[in-house]
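Here's the structure, in structure tokens; my notes come after.
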Amino acid sequence: MRHAITVLAVAGLLAACQSTPPPAVNAPTSTPPRTPAAIQLAASIDAYKSLVAQQIMAANAEYTFSGRLPPMLPAIVVLDLSVGPDGELKSVHVHRSRNSEASAAALAAVRRVQTGFPPAGHLMRRHARTFDFSETFLFNDQYRFQLRTLSGPQ
């Protein structure tokens, strides 16, 4: 117990000794990264899909919904995406859908991501030119969507 108190006291003293640098005046501005997700390298395929899904949702806020999924989904669209090593979208096409309006909305949603996706080269198979994966769009009655990767258990 005494050891823990000593450690906390030392940590508090060290934190108090740290000073923050003064704000830079007329410092040159650096170019921000392509996307917030681009500064992260996903540790797994699931983590990568989560980053991509977050970007799609952010670029389409007015076309999405949150909360519980309705008991009957009027449309489900599965898209196949191919991304280059640098995160550039190489292709996207409908893998499965029974609703052309929802298919068009899902394709448009992916294409609205203007900044590109996170780098995928570290997840690609040896000698592969693209990283290929799918995403499922779950539509409600107003043709707003959630992405399966982010919707969690329902």
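Naming scheme: A, B, ... for chains in displayed order of the structure tokens; residues 1 onward per chain; ligands 1 onward as shown.
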
Per-residue DSSP, segment 36-153 of chain A, filtered to strand (DSSP E or B), as a VMD selection string: chain A and resid 64 75 to 83 89 to 96 131 to 139 145 to 147

Distance criterion (only C-alpha atoms): nearest to Arg129 of chain A out of A:Leu89, A:Val113, A:Val94, A:Leu147: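 Smallest separation from Arg129 of chain A among the options: A:Leu89.
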
Using DSSP on the backbone, list every residue of segment 81-131 of chain A that comes out as helix (DSSP H, G or I), and give them as JSON, numbers by chain. {"A": [100, 101, 102, 103, 104, 105, 106, 107, 108, 109, 110, 111, 121, 122, 123]}
